[in-house]
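**Q** Just passing along the structure, written as structure tokens.
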Amino acid sequence: MGFKIIEIKAPTGYSDTELKHQIGKQLHLTEFTWQIENKSLDARKKNNIHWLLRIAVHSKSPGGQEPEPFTPLDIPYKPRNKRVIITGSGPAGFFAAIVLQKAGFDTILLERGADVAKRAQGIRGFEKIGTFSPVANYAFGEGGAGTFSDGKLTSRSKHISRERDFFISSYIDAGAPAEIRYMAYPHVGSDNLRVVVKNLRDTYLQHGGEFRFETMLNDLATEKGRVTEAITGNESITGDYFIIAPGHSAYETYRMLMARGVQFRTKNFAIGCRAEHRQEEINRAQWGIGKLDGVKAAEYRLTSEADGKHPVYSFCMCPGGMVVPAATYAHLNIVNGMSNYRRNGLFANAGCVAGIHPDQLAGLSVTPLEALQWLEDLEHSFYEFSGGYSAPFCTISDFIHGKEPRDIPETSYPLGLKPAPLWNMLPTVVTHALREGLKDFDRRLRGYGNGILLGLESKTSSPIQALREKNGLCTGFENLFLAGEGSGYAGGIVSSAADGIKIAMNIIEQ
Ligand SMILES: Cc1cc2nc3c(=O)[nH]c(=O)nc-3n(C[C@H](O)[C@H](O)[C@H](O)COP(=O)(O)OP(=O)(O)OC[C@H]3O[C@@H](n4cnc5c(N)ncnc54)[C@H](O)[C@@H]3O)c2cc1C
């Protein structure tokens with residue numbers, strides 16, 4: 001038989017021995033090796049929930065199919081005597097740096113935040129006593145915004161198979177669970193991510209890369225369309241190429257780039273709240289039972305459309321996870337979600353957001369600079385309302401009916417809830433769209449309406465996008481690249497890493 005791909009339905013609590021037996025029976029084989037290529041849960045019928053597995057089977061018997069050819073990313077090495085300064089150690093910046101370092105460039109990675117151990121300490125402190133750290137928070141620090149996340153590695157982009165493969169292999173080599181290669185909805189978990197990020201750093205250092213923590217890029221020196229120096233708090237660093245991968249939270253970095261002539265335009269993005277439910281309630285809605293052998297926790301993905309104009313959708317669901325205080329600056333208050341690998345917390349959370357253009361939010365046509373200011377002001381208004389970092393909240397039913405919440409429910413959010421008229425704190429157009437969407441979600445997922453909403457969820461994607469050439473160069477510059485989520489061309493861990501890798505490969509091929 002040689003090689004064959006087969007599809008198998010397996011009960012949720014199957015063991016490897018049972019699976020092997022099933023494969024042998026189906027193919028009439030006794031000696032073979034096998035490997036899962038894809039694994040997804042089929043929960044369409046609650047009385048027959050099972051895994052769907054696509055499995056590659058190899059045996060010595062003749063015949064069978066040809067494996068699909070796949071060319072992995074080829075990073076050609078040669079000594080290049082060229083220096084690349086990369087800003088931002090999130091997935092985009094880090095993967096650009098490691099690819100270039102492996103190709104023979106001298107790279108320096110600048111990161112405004114702390115290394116992952118110090119960052120974890122800072123976040124723990126914040127969640128215990130509410131003292132915000134500018135170098136150790138959910139957005140800034142080693143590994144970027146993705147480090148203290150759920151580590152979902154889904155990506156809708158179809159043109160990044162080589163980059164994705166490189167990313168996934170690097171993550172597995174650095175300690176991520178091997179199943180991320182084949183799960184339909186892979187996730188690493190925040191606990192594993194901390195280890196992965198540290199091991200990736202070690203690999204980068206072993207290849208000769210230079211990592212500078214708590215080093216903020218404050219400015220760029222430019223000369224006739226070329227960047228000549230990256231200016232940090234205490235030095236100016238010369239380079240041949242400059243990659244900036246700052247994520248979409250670094251407001252002052254965006255403003256500095258605009259002041260240095262990097263061109264941006266406004267684009268659609270999304271804002272709203274984070275919905276929280278008891279995980280058991282979501283399990284019952286999706287599976288008909290509170291627990292399912294062999295599956296960690298039920299997920300949901302919901303989409304709707306308000307008035308045929310505004311998409312409303314759930315975003316970044318964290319089953320068995322925690323809503324986290326994701327403030328990026330001391331004067332702002334926003335929330336996000338994370339979970340550990342086992343996804344065994346009591347609660348499920350997910351963004352519930354309305355897609356919108358900054359012009360619609362502001363009620364007039366705004367420049368990229370004004371769009372950022374508008375967003376920062378909204379994030380600040382949530383901070384002002386709370387007088388800190390407790391999360392303004394109401395129940396989903398309160399939000400729909402415009403009724404002030406009375407009781408404070410149990411929550412995973414560590415810094416407390418503050419009853420709030422969230423429907424008045426969001427722009428009218430967003431409130432209207434969310435109300436329609438929430439009603440629809442409640443019709444489609446039993447018990448959804450029993451959840452609560454915490455605000456503000458404003459970091460689903462960037463409201464602005466850089467003007468870039470095909471090779472990723474910032475329009476009007478010869479050696480400046482803007483990568484990842486901050487460029488407005490990527491969103492999420494995988495697509496941001498892929499964007500960084502693509503930009504690195506473009507530099508290699510120049
Ligand atoms: C709590 C949370 C949970 C998330 N969960 C998921 C998930 O499960 N799956 C998923 O795909 N996505 C998730 N995301 C989104 C994901 O993390 C981002 O899309 C991704 O990290 C973007 O990568 P990036 O490299 O472009 O930017 P970032 O990861 O934001 O990294 C940018 C880095 O640049 C640094 N920086 C910024 N400005 C400067 C400067 N001037 N000088 C020096 N350094 C600078 C920052 O400190 C930061 O480390 C989550 C985000 C958060 C906050």
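Residue numbers start at 1 in each chain; chains themselves are named A, B, ... in the order of the structure tokens; ligands are numbered from 1 in the order shown.
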Do you know which residues are at most 10 Å from Arg156 (chain A) counting only C-alpha atoms, after dropping those on the same chain fewer than 3 positions away, and could you put them as a list in words?
**A**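 Near neighbours after the sequence-gap exclusion: His159, Ile160, Gly491, Gly492, Val494 and Ser495 of chain A.
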**Q** Name the residues of region 222-294 of chain A that fall into alpha helix (DSSP H) according to DSSP on the backbone, using the chain letters and numbers of this document, as a PyMOL selection string.
**A** chain A and resi 251-259+279-287
**Q** Of the residues A:Ala327, A:Val366, A:Ala174, A:Leu19, which is the one nearest to Arg54 (chain A), using only C-alpha atoms?
**A**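 Closest to Arg54 (chain A) of all the choices is A:Leu19.
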**Q** Tell me, as number ranges by chain, which residues lie within 12 Å of Asn234 (chain A), counting only C-alpha atoms; anything in the same chain fewer than 3 positions away does not count.
**A** A: 214-219, 230-231, 237
**Q** Using 6 Å as the limit and counting only C-alpha atoms and all ligand atoms, can you tabulate each residue of chain A that touches ligand 1, with its shortest atom-to-atom distance in Å and the two atoms involved, as CSV?
**A**
```
residue,atom,partner,partner_atom_place_in_ligand_line,distance
A:Thr87,CA,ligand 1,43 (C),5.1
A:Gly88,CA,ligand 1,34 (O),3.1
A:Ser89,CA,ligand 1,49 (O),4.9
A:Gly90,CA,ligand 1,31 (O),3.4
A:Pro91,CA,ligand 1,25 (O),4.0
A:Ala92,CA,ligand 1,25 (O),3.7
A:Gly93,CA,ligand 1,25 (O),5.4
A:Leu110,CA,ligand 1,43 (C),5.2
A:Glu111,CA,ligand 1,44 (N),3.8
A:Arg112,CA,ligand 1,43 (C),3.8
A:Gly113,CA,ligand 1,47 (O),4.9
A:Tyr138,CA,ligand 1,53 (C),5.4
A:Ala139,CA,ligand 1,53 (C),5.4
A:Phe140,CA,ligand 1,47 (O),3.2
A:Gly141,CA,ligand 1,49 (O),4.4
A:Glu142,CA,ligand 1,49 (O),5.5
A:Gly143,CA,ligand 1,49 (O),5.7
A:Gly144,CA,ligand 1,49 (O),3.2
A:Ala145,CA,ligand 1,29 (O),3.8
A:Gly146,CA,ligand 1,17 (O),3.1
A:Phe148,CA,ligand 1,1 (C),5.7
A:Ser149,CA,ligand 1,3 (C),3.7
A:Asp150,CA,ligand 1,8 (O),3.9
A:Gly151,CA,ligand 1,8 (O),3.9
A:Lys152,CA,ligand 1,8 (O),3.8
A:Leu153,CA,ligand 1,11 (O),5.3
A:Thr215,CA,ligand 1,43 (C),5.9
A:Met216,CA,ligand 1,42 (N),3.7
A:Leu217,CA,ligand 1,42 (N),3.8
A:Asn218,CA,ligand 1,41 (N),5.7
A:Ala245,CA,ligand 1,26 (O),5.5
A:Pro246,CA,ligand 1,37 (C),3.6
A:Gly247,CA,ligand 1,27 (O),3.3
A:Ala250,CA,ligand 1,38 (N),5.0
A:Thr253,CA,ligand 1,41 (N),4.9
A:Cys316,CA,ligand 1,8 (O),6.0
A:Asn336,CA,ligand 1,1 (C),4.8
A:Gly337,CA,ligand 1,1 (C),4.9
A:Met338,CA,ligand 1,3 (C),5.4
A:Gly484,CA,ligand 1,26 (O),3.4
A:Glu485,CA,ligand 1,26 (O),3.7
A:Gly486,CA,ligand 1,26 (O),5.5
A:Gly491,CA,ligand 1,19 (O),4.5
A:Gly492,CA,ligand 1,19 (O),3.2
A:Ile493,CA,ligand 1,11 (O),3.8
A:Val494,CA,ligand 1,11 (O),5.9
A:Ser496,CA,ligand 1,26 (O),4.9
```
**Q** Can you tell me which residues surround Asp359 (chain A) at a distance of at most 10 Å, considering only C-alpha atoms, apart from same-chain residues fewer than 2 positions away, and format the answer as a ChimeraX atom specification?
**A** /A:266-268,356-357,361-367,370-371
**Q** With distances taken over only C-alpha atoms, which of A:Asp74, A:Ile408, A:Pro69, A:Pro414 is nearest to Arg124 (chain A)?
**A** A:Pro414
**Q** Looking at only C-alpha atoms, which of A:Ala285, A:Arg265, A:Thr411, A:Phe211 is the one that sits closest to Tyr489 (chain A)?
**A** A:Arg265
**Q** Pick the closest to Lys459 (chain A) from A:Ile507, A:Ile289, A:Ala350, A:Ala326: which is it, counting only C-alpha atoms?
**A**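 Residue with the minimum atom-to-atom distance to Lys459 (chain A): A:Ala326.
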**Q** How would you write, as a list in words, the set of residues in region 195-235 of chain A that DSSP gives as strand (DSSP E or B)?
**A**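 Here is the list: Glu210, Phe211, Arg212, Leu217, Asn218, Asp219, Leu220, Ala221, Thr222, Glu223, Arg226, Val227, Thr228, Glu229, Ala230, Ile231 and Thr232 of chain A.
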**Q** Generate the output file for the selected residues, N, CA and C atoms, as a JSON list (two decimals), in the first residue's frame.
**A**
```json
[["chain", "number", "residue", "atom", "x", "y", "z"],
["A", 210, "GLU", "N", 20.89, 39.50, 18.74],
["A", 210, "GLU", "CA", 21.03, 40.33, 19.94],
["A", 210, "GLU", "C", 19.66, 40.84, 20.37],
["A", 211, "PHE", "N", 19.32, 40.61, 21.62],
["A", 211, "PHE", "CA", 17.99, 40.96, 22.14],
["A", 211, "PHE", "C", 18.18, 42.07, 23.16],
["A", 212, "ARG", "N", 17.53, 43.20, 23.01],
["A", 212, "ARG", "CA", 17.64, 44.24, 24.04],
["A", 212, "ARG", "C", 16.26, 44.53, 24.63],
["A", 217, "LEU", "N", 12.14, 52.05, 21.14],
["A", 217, "LEU", "CA", 12.45, 52.85, 19.96],
["A", 217, "LEU", "C", 11.68, 54.17, 20.10],
["A", 218, "ASN", "N", 12.42, 55.26, 20.29],
["A", 218, "ASN", "CA", 11.75, 56.56, 20.47],
["A", 218, "ASN", "C", 11.61, 57.32, 19.17],
["A", 219, "ASP", "N", 12.58, 57.12, 18.27],
["A", 219, "ASP", "CA", 12.57, 57.94, 17.06],
["A", 219, "ASP", "C", 13.41, 57.26, 15.97],
["A", 220, "LEU", "N", 13.27, 57.78, 14.75],
["A", 220, "LEU", "CA", 14.08, 57.30, 13.64],
["A", 220, "LEU", "C", 14.78, 58.50, 13.02],
["A", 221, "ALA", "N", 16.06, 58.36, 12.69],
["A", 221, "ALA", "CA", 16.73, 59.42, 11.91],
["A", 221, "ALA", "C", 16.58, 59.04, 10.45],
["A", 222, "THR", "N", 16.15, 59.97, 9.62],
["A", 222, "THR", "CA", 15.94, 59.65, 8.20],
["A", 222, "THR", "C", 16.69, 60.63, 7.32],
["A", 223, "GLU", "N", 17.01, 60.16, 6.12],
["A", 223, "GLU", "CA", 17.71, 61.01, 5.15],
["A", 223, "GLU", "C", 17.27, 60.59, 3.76],
["A", 226, "ARG", "N", 15.61, 57.24, 3.35],
["A", 226, "ARG", "CA", 16.31, 56.12, 4.01],
["A", 226, "ARG", "C", 16.33, 56.37, 5.51],
["A", 227, "VAL", "N", 16.09, 55.31, 6.27],
["A", 227, "VAL", "CA", 16.28, 55.44, 7.72],
["A", 227, "VAL", "C", 17.76, 55.16, 7.97],
["A", 228, "THR", "N", 18.38, 56.01, 8.76],
["A", 228, "THR", "CA", 19.81, 55.82, 9.03],
["A", 228, "THR", "C", 20.05, 55.31, 10.45],
["A", 229, "GLU", "N", 19.19, 55.71, 11.38],
["A", 229, "GLU", "CA", 19.42, 55.31, 12.77],
["A", 229, "GLU", "C", 18.11, 55.05, 13.51],
["A", 230, "ALA", "N", 18.16, 54.07, 14.39],
["A", 230, "ALA", "CA", 17.05, 53.86, 15.34],
["A", 230, "ALA", "C", 17.49, 54.51, 16.64],
["A", 231, "ILE", "N", 16.64, 55.40, 17.15],
["A", 231, "ILE", "CA", 17.04, 56.16, 18.35],
["A", 231, "ILE", "C", 16.28, 55.63, 19.56],
["A", 232, "THR", "N", 17.03, 55.12, 20.52],
["A", 232, "THR", "CA", 16.41, 54.62, 21.75],
["A", 232, "THR", "C", 16.69, 55.61, 22.87]]
```
**Q** Excluding Tyr14 (chain A) and its own-chain neighbours fewer than 4 positions away, which residues fall within 12 Å of it when counting only C-alpha atoms? Please give them as a PyMOL selection string.
**A** chain A and resi 8-10+18-22+50-53+292-295
**Q** Identify which of the residues A:Gly208, A:Met183, A:Tyr171, A:Ile86 lies closest to Thr154 (chain A), counting only C-alpha atoms when measuring atom-to-atom distances.
**A**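 Comparing A:Gly208, A:Met183, A:Tyr171, A:Ile86 against Thr154 (chain A), the winner is A:Met183.
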**Q** State, in Å with one decimal place, the distance from CA of Pro368 (chain A) to CA of Leu467 (chain A).
**A** 11.7 Å
**Q** Would you work out the distance separating CA of Ser339 (chain A) from CA of Glu37 (chain A), expressed in Å to one decimal?
**A**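 Rounded to one decimal, the two atoms are 25.1 Å apart.
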**Q** Calculated over only C-alpha atoms, which of the candidates A:Val430, A:Leu257, A:Cys318, A:Leu438 has the smallest distance to Ile400 (chain A)?
**A**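 When distances to Ile400 (chain A) are compared using only C-alpha atoms, the smallest one comes from A:Leu438.
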**Q** Quick one, how far is CA of Asp240 (chain A) from CA of Arg201 (chain A)?
**A** 22.8 Å
**Q** What's around region 373-382 of chain A at 9 Å? Count only C-alpha atoms, leave out sequence neighbours fewer than 6 positions away in its own chain, and write the answer as a PyMOL selection string.
**A** chain A and resi 251+327+331-334+358+361-362+388-389+391-392+425-426+455-456+458+463
